[in-house]
>>> print(open('target18.cif').read())   # mmCIF, C-alpha atoms
data_run
loop_
_atom_site.label_atom_id
_atom_site.label_comp_id
_atom_site.auth_asym_id
_atom_site.auth_seq_id
_atom_site.Cartn_x
_atom_site.Cartn_y
_atom_site.Cartn_z
CA MET A 1 16.10 -20.72 -33.83
CA GLU A 2 16.87 -21.56 -30.22
CA ASP A 3 14.52 -23.29 -27.81
CA VAL A 4 11.56 -20.96 -27.44
CA PRO A 5 9.56 -21.34 -24.21
CA VAL A 6 6.28 -20.33 -25.83
CA GLY A 7 4.08 -21.37 -22.90
CA ALA A 8 6.16 -19.51 -20.32
CA ALA A 9 6.36 -16.48 -22.61
CA LEU A 10 2.57 -16.39 -23.04
CA LEU A 11 1.97 -16.90 -19.29
CA GLY A 12 4.43 -14.12 -18.44
CA GLY A 13 2.82 -11.84 -21.02
CA VAL A 14 -0.64 -12.50 -19.59
CA MET A 15 0.63 -11.68 -16.08
CA ILE A 16 2.14 -8.42 -17.35
CA GLY A 17 -1.18 -7.64 -19.03
CA VAL A 18 -3.20 -8.46 -15.90
CA ALA A 19 -0.92 -6.29 -13.74
CA SER A 20 -1.16 -3.38 -16.20
CA SER A 21 -4.94 -3.75 -16.46
CA VAL A 22 -5.54 -3.91 -12.70
CA LEU A 23 -3.30 -0.90 -12.04
CA LEU A 24 -5.39 1.01 -14.59
CA LEU A 25 -8.82 -0.26 -13.49
CA ALA A 26 -8.24 0.04 -9.73
CA ASN A 27 -5.84 2.97 -9.46
CA GLY A 28 -6.37 4.71 -12.79
CA ARG A 29 -2.66 4.59 -13.53
CA ILE A 30 -0.65 3.58 -16.60
CA ALA A 31 1.86 0.78 -15.87
CA GLY A 32 4.82 2.44 -17.56
CA ILE A 33 7.91 1.65 -15.53
CA SER A 34 9.99 4.63 -16.68
CA GLY A 35 7.13 7.07 -16.01
CA ILE A 36 6.41 5.61 -12.57
CA LEU A 37 10.13 5.82 -11.78
CA GLY A 38 10.71 9.31 -13.19
CA ARG A 39 7.83 10.89 -11.36
CA SER A 40 8.88 9.29 -8.08
CA PHE A 41 11.48 12.05 -7.91
CA PHE A 42 9.88 15.26 -6.59
CA ALA A 43 6.50 13.48 -6.42
CA ALA A 44 3.56 15.47 -5.13
CA THR A 45 2.30 14.68 -1.62
CA GLY A 46 0.40 11.39 -1.62
CA ASP A 47 1.68 10.44 -5.07
CA LEU A 48 4.88 8.71 -3.97
CA GLY A 49 3.69 5.65 -2.02
CA TRP A 50 2.04 3.73 -4.85
CA ARG A 51 5.01 4.42 -7.13
CA VAL A 52 7.55 3.04 -4.65
CA ALA A 53 5.26 0.08 -3.89
CA PHE A 54 4.91 -0.81 -7.57
CA LEU A 55 8.65 -0.47 -8.23
CA LEU A 56 9.53 -2.61 -5.17
CA GLY A 57 7.05 -5.21 -6.38
CA LEU A 58 9.09 -5.81 -9.54
CA PRO A 59 12.18 -7.35 -7.87
CA LEU A 60 9.96 -8.97 -5.24
CA GLY A 61 7.97 -10.75 -7.97
CA ALA A 62 11.15 -11.83 -9.76
CA TRP A 63 12.58 -13.10 -6.47
CA LEU A 64 9.46 -15.12 -5.57
CA THR A 65 9.41 -16.59 -9.08
CA GLY A 66 13.02 -17.67 -8.65
CA LEU A 67 12.11 -19.57 -5.47
CA VAL A 68 9.46 -21.57 -7.32
CA ALA A 69 11.25 -21.86 -10.67
CA PRO A 70 15.04 -21.60 -10.27
CA ALA A 71 15.53 -21.65 -14.06
CA THR A 72 14.03 -18.13 -14.24
CA THR A 73 17.02 -16.70 -12.36
CA ALA A 74 19.24 -17.12 -15.46
CA LEU A 75 21.08 -13.87 -16.10
CA THR A 76 23.71 -13.38 -18.76
CA ILE A 77 24.89 -9.79 -18.92
CA THR A 78 28.01 -7.90 -19.98
CA ASP A 79 30.55 -7.08 -17.24
CA SER A 80 31.93 -4.08 -19.10
CA THR A 81 31.44 -1.09 -16.78
CA PRO A 82 31.63 1.54 -19.58
CA LEU A 83 28.98 -0.37 -21.55
CA LEU A 84 26.72 -0.74 -18.50
CA VAL A 85 27.04 2.93 -17.54
CA ALA A 86 26.44 4.09 -21.13
CA GLY A 87 23.47 1.74 -21.43
CA GLY A 88 21.97 2.82 -18.11
CA VAL A 89 22.36 6.53 -18.88
CA LEU A 90 20.90 6.15 -22.39
CA VAL A 91 17.94 4.10 -21.13
CA GLY A 92 17.33 6.53 -18.25
CA LEU A 93 17.56 9.69 -20.39
CA GLY A 94 15.90 8.23 -23.48
CA THR A 95 12.83 6.98 -21.64
CA GLN A 96 12.38 10.31 -19.84
CA ILE A 97 12.83 12.42 -23.00
CA GLY A 98 10.67 10.03 -25.05
CA SER A 99 8.03 9.71 -22.29
CA GLY A 100 8.08 5.92 -22.00
CA CYS A 101 9.69 2.54 -22.39
CA THR A 102 8.77 -1.00 -23.40
CA SER A 103 5.93 -1.14 -20.88
CA GLY A 104 4.46 2.37 -21.09
CA HIS A 105 4.71 2.73 -24.87
CA GLY A 106 5.07 -0.89 -25.99
CA ILE A 107 2.30 -2.48 -23.91
CA CYS A 108 0.04 0.21 -22.42
CA GLY A 109 0.29 2.81 -25.18
CA ILE A 110 -0.25 0.47 -28.10
CA SER A 111 -3.14 -1.20 -26.23
CA ARG A 112 -4.72 2.25 -25.99
CA GLY A 113 -4.22 2.85 -29.72
CA SER A 114 -1.80 5.73 -29.09
CA ARG A 115 -0.08 6.95 -32.25
CA ARG A 116 2.79 8.36 -30.17
CA SER A 117 3.39 5.01 -28.50
CA PHE A 118 3.28 3.15 -31.80
CA VAL A 119 5.91 5.47 -33.31
CA ALA A 120 8.08 5.35 -30.16
CA THR A 121 7.92 1.53 -29.98
CA ALA A 122 8.75 1.07 -33.67
CA THR A 123 11.65 3.51 -33.23
CA PHE A 124 13.26 2.00 -30.12
CA MET A 125 12.80 -1.56 -31.40
CA ALA A 126 14.42 -0.72 -34.75
CA VAL A 127 17.25 1.28 -33.15
CA ALA A 128 17.91 -1.47 -30.58
CA ALA A 129 18.06 -4.09 -33.34
CA ILE A 130 20.47 -1.91 -35.35
CA THR A 131 22.58 -1.38 -32.20
CA VAL A 132 22.81 -5.13 -31.59
CA PHE A 133 23.68 -5.68 -35.24
CA VAL A 134 26.49 -3.13 -35.09
CA VAL A 135 27.86 -4.42 -31.78
CA ARG A 136 27.64 -8.13 -32.60
CA HIS A 137 28.26 -8.31 -36.31
CA TRP A 138 30.41 -5.25 -37.05
CA ILE A 139 32.41 -4.77 -33.88
CA GLY A 140 31.85 -8.35 -32.85
CA ASN A 141 33.43 -8.45 -29.41
CA ALA A 142 30.63 -7.71 -26.99
CA MET B 1 -3.43 2.41 1.68
CA GLY B 2 -5.59 0.38 -0.70
CA ARG B 3 -4.00 1.96 -3.73
CA THR B 4 -0.51 1.34 -2.38
CA LEU B 5 -1.29 -2.34 -1.79
CA VAL B 6 -2.82 -2.70 -5.26
CA ALA B 7 0.28 -1.08 -6.75
CA LEU B 8 2.54 -3.45 -4.79
CA ALA B 9 0.53 -6.47 -5.97
CA CYS B 10 0.57 -5.21 -9.58
CA GLY B 11 4.33 -4.63 -9.44
CA LEU B 12 4.80 -8.10 -7.98
CA VAL B 13 2.73 -9.81 -10.69
CA PHE B 14 4.43 -7.67 -13.36
CA GLY B 15 7.90 -8.62 -12.06
CA ALA B 16 6.94 -12.29 -11.81
CA GLY B 17 5.64 -12.14 -15.40
CA LEU B 18 8.93 -10.68 -16.59
CA ALA B 19 10.88 -13.42 -14.80
CA ILE B 20 8.65 -16.30 -15.94
CA SER B 21 8.82 -15.17 -19.56
CA GLY B 22 12.63 -14.92 -19.47
CA MET B 23 12.65 -11.16 -20.00
CA THR B 24 14.84 -10.57 -16.93
CA ASP B 25 17.69 -12.27 -18.81
CA PRO B 26 19.45 -9.76 -21.11
CA ALA B 27 20.76 -12.66 -23.23
CA ARG B 28 17.21 -13.56 -24.26
CA VAL B 29 16.27 -9.95 -25.02
CA LEU B 30 19.44 -9.44 -27.07
CA GLY B 31 18.64 -12.73 -28.81
CA PHE B 32 15.35 -11.18 -29.92
CA LEU B 33 17.01 -7.96 -31.08
CA ASP B 34 19.71 -9.90 -32.95
CA VAL B 35 17.69 -10.41 -36.13
CA ALA B 36 20.82 -11.31 -38.11
CA GLY B 37 21.96 -13.97 -35.64
CA ALA B 38 20.25 -16.95 -33.96
CA TRP B 39 16.99 -15.04 -33.64
CA ASP B 40 14.98 -15.72 -30.46
CA PRO B 41 11.31 -14.77 -30.96
CA THR B 42 10.32 -15.20 -27.27
CA LEU B 43 9.72 -11.47 -26.74
CA ILE B 44 7.05 -11.50 -29.48
CA PHE B 45 4.94 -13.96 -27.49
CA VAL B 46 5.39 -11.97 -24.26
CA MET B 47 4.40 -8.71 -25.93
CA GLY B 48 1.57 -10.33 -27.89
CA ALA B 49 -0.02 -11.80 -24.76
CA GLY B 50 0.62 -8.61 -22.80
CA LEU B 51 -0.98 -6.49 -25.53
CA ALA B 52 -4.00 -8.80 -25.85
CA VAL B 53 -4.79 -8.70 -22.13
CA THR B 54 -4.02 -4.99 -21.69
CA SER B 55 -6.22 -4.12 -24.69
CA VAL B 56 -9.14 -5.80 -22.93
CA GLY B 57 -8.26 -4.07 -19.64
CA THR B 58 -8.01 -0.70 -21.38
CA ALA B 59 -11.34 -1.14 -23.20
CA TRP B 60 -12.92 -2.12 -19.87
CA ALA B 61 -11.46 0.93 -18.11
CA ARG B 62 -12.80 3.22 -20.83
CA ARG B 63 -16.33 2.12 -19.95
CA GLU B 64 -15.86 2.83 -16.24
CA ASP B 65 -16.73 6.24 -14.80
CA GLY B 66 -13.53 6.23 -12.77
CA PRO B 67 -10.98 3.92 -11.15
CA TRP B 68 -12.38 1.40 -8.63
CA LEU B 69 -10.48 2.98 -5.76
CA GLY B 70 -11.55 6.53 -6.58
CA GLY B 71 -9.91 9.48 -8.26
CA ARG B 72 -9.62 9.83 -12.01
CA PHE B 73 -8.00 7.88 -14.81
CA ALA B 74 -4.60 9.36 -15.62
CA TRP B 75 -5.05 8.93 -19.40
CA PRO B 76 -2.18 10.36 -21.42
CA THR B 77 -3.68 13.11 -23.59
CA ARG B 78 -1.03 13.96 -26.17
CA SER B 79 -1.31 12.69 -29.73
CA ASP B 80 1.26 14.87 -31.54
CA LEU B 81 4.50 13.39 -32.83
CA ASP B 82 7.54 15.48 -31.95
CA ALA B 83 11.33 15.29 -32.04
CA ARG B 84 11.55 14.59 -28.30
CA LEU B 85 9.41 11.47 -28.62
CA VAL B 86 11.47 10.05 -31.49
CA GLY B 87 14.83 11.32 -30.20
CA GLY B 88 14.17 9.84 -26.76
CA ALA B 89 13.15 6.53 -28.33
CA VAL B 90 16.39 6.51 -30.34
CA LEU B 91 18.52 7.06 -27.20
CA PHE B 92 16.55 4.42 -25.32
CA GLY B 93 16.91 1.99 -28.23
CA ILE B 94 20.70 2.39 -28.28
CA GLY B 95 20.96 1.80 -24.52
CA TRP B 96 18.59 -1.17 -24.67
CA GLY B 97 20.57 -2.70 -27.53
CA LEU B 98 23.92 -2.17 -25.79
CA VAL B 99 23.02 -4.10 -22.63
CA GLY B 100 19.67 -5.85 -23.18
CA LEU B 101 17.95 -4.26 -20.19
CA CYS B 102 14.99 -1.87 -20.23
CA PRO B 103 13.64 -0.26 -17.01
CA GLY B 104 11.25 -3.02 -15.84
CA PRO B 105 13.58 -6.01 -16.25
CA ALA B 106 16.48 -3.93 -14.89
CA LEU B 107 14.62 -3.30 -11.62
CA ALA B 108 13.22 -6.85 -11.46
CA SER B 109 16.64 -8.47 -11.95
CA LEU B 110 18.17 -6.46 -9.08
CA VAL B 111 17.40 -9.48 -6.87
CA ARG B 112 19.84 -11.64 -8.80
CA GLY B 113 22.72 -9.96 -6.95
CA SER B 114 24.61 -9.13 -10.14
CA THR B 115 27.08 -6.24 -9.90
CA SER B 116 26.44 -5.51 -13.58
CA VAL B 117 22.72 -4.97 -12.93
CA PHE B 118 23.51 -2.64 -10.00
CA VAL B 119 25.87 -0.56 -12.15
CA PHE B 120 23.26 -0.33 -14.93
CA VAL B 121 20.45 0.62 -12.53
CA ALA B 122 22.63 3.19 -10.71
CA ALA B 123 23.48 4.87 -14.03
CA MET B 124 19.82 4.73 -15.08
CA PHE B 125 18.65 6.29 -11.78
CA ALA B 126 21.27 9.03 -12.05
CA ALA B 127 20.15 9.87 -15.59
CA VAL B 128 16.45 9.88 -14.66
CA LEU B 129 17.13 12.10 -11.64
CA ALA B 130 19.30 14.46 -13.70
CA HIS B 131 16.53 14.76 -16.29
CA ARG B 132 13.93 15.41 -13.59
CA ILE B 133 16.08 18.15 -12.03
CA ALA B 134 16.74 19.73 -15.44
CA THR B 135 13.06 19.79 -16.44
CA ARG B 136 11.53 20.37 -13.01
CA GLY B 137 10.52 23.95 -13.66
CA ALA B 138 9.41 23.30 -17.24
CA GLU B 139 6.81 20.60 -16.62
CA GLY B 140 3.78 20.98 -14.43
CA SER B 141 3.52 17.52 -12.95
#
>>> encode(input="target18.cif", output="structure tokens")
Amino acid sequence: MEDVPVGAALLGGVMIGVASSVLLLANGRIAGISGILGRSFFAATGDLGWRVAFLLGLPLGAWLTGLVAPATTALTITDSTPLLVAGGVLVGLGTQIGSGCTSGHGICGISRGSRRSFVATATFMAVAAITVFVVRHWIGNA
Amino acid sequence: MGRTLVALACGLVFGAGLAISGMTDPARVLGFLDVAGAWDPTLIFVMGAGLAVTSVGTAWARREDGPWLGGRFAWPTRSDLDARLVGGAVLFGIGWGLVGLCPGPALASLVRGSTSVFVFVAAMFAAVLAHRIATRGAEGS
């Protein structure tokens, strides 16, 4: 196993949990990124501002973190345009059809004891692991 | 105004949490998904801590009459398992495994100035918008 920053991982997880909890307690909203994003399009009057604010907060938070801890700006990503476009389209469509992503199903849904979220999370985790296995160990050039 | 500011603060803390935990780096996420390679368990600790705190927050919210800033809790109500849920999760899983980005980290890592992240996010936005247009009449939201 590689170096695992357990402390940073736990701190980051707690922050994600605090943010999700406060959004629920104060605003009554589920902190599912794909749902907040999807319903920003054609949002009802008065329902758009908080969505845009939350979504803008994500890069803002990552940017501020980078100022304090430059190591967190590490980013290793493929430069294959077909792979990026396919990935983006599949993530966009899949999260809308399946009503959630890692945050909405994986964190908020499972915390709520939602059967749907448990099944969705187990499915996308397993499929993602299989995808990585196929790409890295069968095709082996990504 | 209050709700917008709370949402901004929550997004900011959420994005900072993703960055601090290394989840904005696709290499680390793919390292977790690569169970047959040099497996990187970091994501387990992030999700574990996130689940622990959010479980407390959710239990707390269940005892409240309504959100602190008014209105009602937008609790998801469905409990049925259907093909859309599983099929969508399969598509999402493939896309996540191909690149190592899911929606939150994709948006958070936009500030890194990477062309790859922009291409991914543009494709993701286009797909989300296309889905919203296609289902606009069907869903009452």
>>> resolve_selection(input="target18.cif", expression="the PyMOL selection byres ((chain A and resi 58-65) around 6)", output="list in words")
Leu55, Leu56, Gly57, Gly66, Leu67, Val68 and Ala69 of chain A; Gly11, Leu12, Val13, Gly15, Ala16, Ala19, Ala108 and Val111 of chain B
>>> resolve_selection(input="target18.cif", expression="the PyMOL selection byres ((chain A) within 6 of (chain B))", output="ChimeraX atom specification")
/A:1,4,8-10,12-17,19,21,25-29,33,38,50,53-54,57-62,65,72,75-77,79,84-85,87-95,97-98,107,111,116,120,123-124,127-129,131-132
>>> atom_distance(input="target18.cif", atom1="CA of Ser99 in chain A", atom2="CA of Ser80 in chain A")
27.8 Å
>>> atom_distance(input="target18.cif", atom1="CA of Phe118 in chain A", atom2="CA of Leu24 in chain A")
19.4 Å
>>> atom_distance(input="target18.cif", atom1="CA of Ala71 in chain A", atom2="CA of Ser20 in chain A")
24.8 Å
>>> build_atoms(input="target18.cif", residues="range 17-43 of chain A", atoms="N, CA, C and O atoms", output="PDB file, keeping the file's coordinate frame")
ATOM      1  N   GLY A  17       0.067  -8.271 -18.605  1.00  0.00           N
ATOM      2  CA  GLY A  17      -1.180  -7.640 -19.030  1.00  0.00           C
ATOM      3  C   GLY A  17      -2.177  -7.486 -17.893  1.00  0.00           C
ATOM      4  O   GLY A  17      -2.840  -6.448 -17.770  1.00  0.00           O
ATOM      5  N   VAL A  18      -2.286  -8.517 -17.047  1.00  0.00           N
ATOM      6  CA  VAL A  18      -3.200  -8.460 -15.900  1.00  0.00           C
ATOM      7  C   VAL A  18      -2.751  -7.353 -14.935  1.00  0.00           C
ATOM      8  O   VAL A  18      -3.556  -6.535 -14.470  1.00  0.00           O
ATOM      9  N   ALA A  19      -1.447  -7.309 -14.652  1.00  0.00           N
ATOM     10  CA  ALA A  19      -0.920  -6.290 -13.740  1.00  0.00           C
ATOM     11  C   ALA A  19      -1.179  -4.885 -14.289  1.00  0.00           C
ATOM     12  O   ALA A  19      -1.614  -3.987 -13.558  1.00  0.00           O
ATOM     13  N   SER A  20      -0.946  -4.697 -15.587  1.00  0.00           N
ATOM     14  CA  SER A  20      -1.160  -3.380 -16.200  1.00  0.00           C
ATOM     15  C   SER A  20      -2.644  -3.016 -16.173  1.00  0.00           C
ATOM     16  O   SER A  20      -3.000  -1.860 -15.927  1.00  0.00           O
ATOM     17  N   SER A  21      -3.503  -4.000 -16.430  1.00  0.00           N
ATOM     18  CA  SER A  21      -4.940  -3.750 -16.460  1.00  0.00           C
ATOM     19  C   SER A  21      -5.482  -3.404 -15.075  1.00  0.00           C
ATOM     20  O   SER A  21      -6.298  -2.484 -14.927  1.00  0.00           O
ATOM     21  N   VAL A  22      -5.034  -4.148 -14.056  1.00  0.00           N
ATOM     22  CA  VAL A  22      -5.540  -3.910 -12.700  1.00  0.00           C
ATOM     23  C   VAL A  22      -5.057  -2.555 -12.180  1.00  0.00           C
ATOM     24  O   VAL A  22      -5.811  -1.812 -11.545  1.00  0.00           O
ATOM     25  N   LEU A  23      -3.803  -2.203 -12.482  1.00  0.00           N
ATOM     26  CA  LEU A  23      -3.300  -0.900 -12.040  1.00  0.00           C
ATOM     27  C   LEU A  23      -4.135   0.222 -12.662  1.00  0.00           C
ATOM     28  O   LEU A  23      -4.422   1.229 -12.017  1.00  0.00           O
ATOM     29  N   LEU A  24      -4.552   0.012 -13.909  1.00  0.00           N
ATOM     30  CA  LEU A  24      -5.390   1.010 -14.590  1.00  0.00           C
ATOM     31  C   LEU A  24      -6.815   1.010 -14.025  1.00  0.00           C
ATOM     32  O   LEU A  24      -7.338   2.059 -13.652  1.00  0.00           O
ATOM     33  N   LEU A  25      -7.421  -0.175 -13.935  1.00  0.00           N
ATOM     34  CA  LEU A  25      -8.820  -0.260 -13.490  1.00  0.00           C
ATOM     35  C   LEU A  25      -8.996   0.175 -12.036  1.00  0.00           C
ATOM     36  O   LEU A  25      -9.946   0.873 -11.701  1.00  0.00           O
ATOM     37  N   ALA A  26      -8.085  -0.248 -11.160  1.00  0.00           N
ATOM     38  CA  ALA A  26      -8.240   0.040  -9.730  1.00  0.00           C
ATOM     39  C   ALA A  26      -7.698   1.410  -9.354  1.00  0.00           C
ATOM     40  O   ALA A  26      -8.338   2.175  -8.631  1.00  0.00           O
ATOM     41  N   ASN A  27      -6.503   1.724  -9.863  1.00  0.00           N
ATOM     42  CA  ASN A  27      -5.840   2.970  -9.460  1.00  0.00           C
ATOM     43  C   ASN A  27      -5.922   4.073 -10.506  1.00  0.00           C
ATOM     44  O   ASN A  27      -5.574   5.219 -10.220  1.00  0.00           O
ATOM     45  N   GLY A  28      -6.302   3.709 -11.723  1.00  0.00           N
ATOM     46  CA  GLY A  28      -6.370   4.710 -12.790  1.00  0.00           C
ATOM     47  C   GLY A  28      -5.023   5.093 -13.355  1.00  0.00           C
ATOM     48  O   GLY A  28      -4.887   6.140 -13.985  1.00  0.00           O
ATOM     49  N   ARG A  29      -4.011   4.248 -13.123  1.00  0.00           N
ATOM     50  CA  ARG A  29      -2.660   4.590 -13.530  1.00  0.00           C
ATOM     51  C   ARG A  29      -2.141   3.712 -14.670  1.00  0.00           C
ATOM     52  O   ARG A  29      -2.501   2.542 -14.766  1.00  0.00           O
ATOM     53  N   ILE A  30      -1.278   4.295 -15.502  1.00  0.00           N
ATOM     54  CA  ILE A  30      -0.650   3.580 -16.600  1.00  0.00           C
ATOM     55  C   ILE A  30       0.605   2.864 -16.061  1.00  0.00           C
ATOM     56  O   ILE A  30       1.435   3.494 -15.406  1.00  0.00           O
ATOM     57  N   ALA A  31       0.726   1.562 -16.369  1.00  0.00           N
ATOM     58  CA  ALA A  31       1.860   0.780 -15.870  1.00  0.00           C
ATOM     59  C   ALA A  31       3.087   0.954 -16.757  1.00  0.00           C
ATOM     60  O   ALA A  31       3.576   0.004 -17.361  1.00  0.00           O
ATOM     61  N   GLY A  32       3.573   2.177 -16.829  1.00  0.00           N
ATOM     62  CA  GLY A  32       4.820   2.440 -17.560  1.00  0.00           C
ATOM     63  C   GLY A  32       5.932   2.586 -16.547  1.00  0.00           C
ATOM     64  O   GLY A  32       5.921   3.505 -15.727  1.00  0.00           O
ATOM     65  N   ILE A  33       6.889   1.679 -16.586  1.00  0.00           N
ATOM     66  CA  ILE A  33       7.910   1.650 -15.530  1.00  0.00           C
ATOM     67  C   ILE A  33       8.710   2.955 -15.488  1.00  0.00           C
ATOM     68  O   ILE A  33       8.937   3.517 -14.420  1.00  0.00           O
ATOM     69  N   SER A  34       9.143   3.438 -16.682  1.00  0.00           N
ATOM     70  CA  SER A  34       9.990   4.630 -16.680  1.00  0.00           C
ATOM     71  C   SER A  34       9.234   5.860 -16.181  1.00  0.00           C
ATOM     72  O   SER A  34       9.808   6.718 -15.515  1.00  0.00           O
ATOM     73  N   GLY A  35       7.934   5.939 -16.491  1.00  0.00           N
ATOM     74  CA  GLY A  35       7.130   7.070 -16.010  1.00  0.00           C
ATOM     75  C   GLY A  35       6.904   7.003 -14.505  1.00  0.00           C
ATOM     76  O   GLY A  35       6.986   8.004 -13.795  1.00  0.00           O
ATOM     77  N   ILE A  36       6.628   5.791 -14.014  1.00  0.00           N
ATOM     78  CA  ILE A  36       6.410   5.610 -12.570  1.00  0.00           C
ATOM     79  C   ILE A  36       7.693   5.956 -11.819  1.00  0.00           C
ATOM     80  O   ILE A  36       7.670   6.616 -10.782  1.00  0.00           O
ATOM     81  N   LEU A  37       8.836   5.528 -12.398  1.00  0.00           N
ATOM     82  CA  LEU A  37      10.130   5.820 -11.780  1.00  0.00           C
ATOM     83  C   LEU A  37      10.450   7.314 -11.837  1.00  0.00           C
ATOM     84  O   LEU A  37      10.775   7.922 -10.817  1.00  0.00           O
ATOM     85  N   GLY A  38      10.327   7.908 -13.011  1.00  0.00           N
ATOM     86  CA  GLY A  38      10.710   9.310 -13.190  1.00  0.00           C
ATOM     87  C   GLY A  38       9.943  10.251 -12.284  1.00  0.00           C
ATOM     88  O   GLY A  38      10.506  11.152 -11.671  1.00  0.00           O
ATOM     89  N   ARG A  39       8.642   9.999 -12.172  1.00  0.00           N
ATOM     90  CA  ARG A  39       7.830  10.890 -11.360  1.00  0.00           C
ATOM     91  C   ARG A  39       7.834  10.538  -9.875  1.00  0.00           C
ATOM     92  O   ARG A  39       7.093  11.133  -9.085  1.00  0.00           O
ATOM     93  N   SER A  40       8.666   9.545  -9.514  1.00  0.00           N
ATOM     94  CA  SER A  40       8.880   9.290  -8.080  1.00  0.00           C
ATOM     95  C   SER A  40       9.766  10.381  -7.501  1.00  0.00           C
ATOM     96  O   SER A  40       9.665  10.707  -6.314  1.00  0.00           O
ATOM     97  N   PHE A  41      10.622  10.953  -8.357  1.00  0.00           N
ATOM     98  CA  PHE A  41      11.480  12.050  -7.910  1.00  0.00           C
ATOM     99  C   PHE A  41      10.649  13.327  -7.888  1.00  0.00           C
ATOM    100  O   PHE A  41       9.990  13.654  -8.871  1.00  0.00           O
ATOM    101  N   PHE A  42      10.674  14.036  -6.773  1.00  0.00           N
ATOM    102  CA  PHE A  42       9.880  15.260  -6.590  1.00  0.00           C
ATOM    103  C   PHE A  42       8.387  14.984  -6.765  1.00  0.00           C
ATOM    104  O   PHE A  42       7.669  15.783  -7.356  1.00  0.00           O
ATOM    105  N   ALA A  43       7.924  13.815  -6.311  1.00  0.00           N
ATOM    106  CA  ALA A  43       6.500  13.480  -6.420  1.00  0.00           C
ATOM    107  C   ALA A  43       5.676  14.380  -5.522  1.00  0.00           C
ATOM    108  O   ALA A  43       6.141  14.813  -4.467  1.00  0.00           O
TER     109      ALA A  43
END
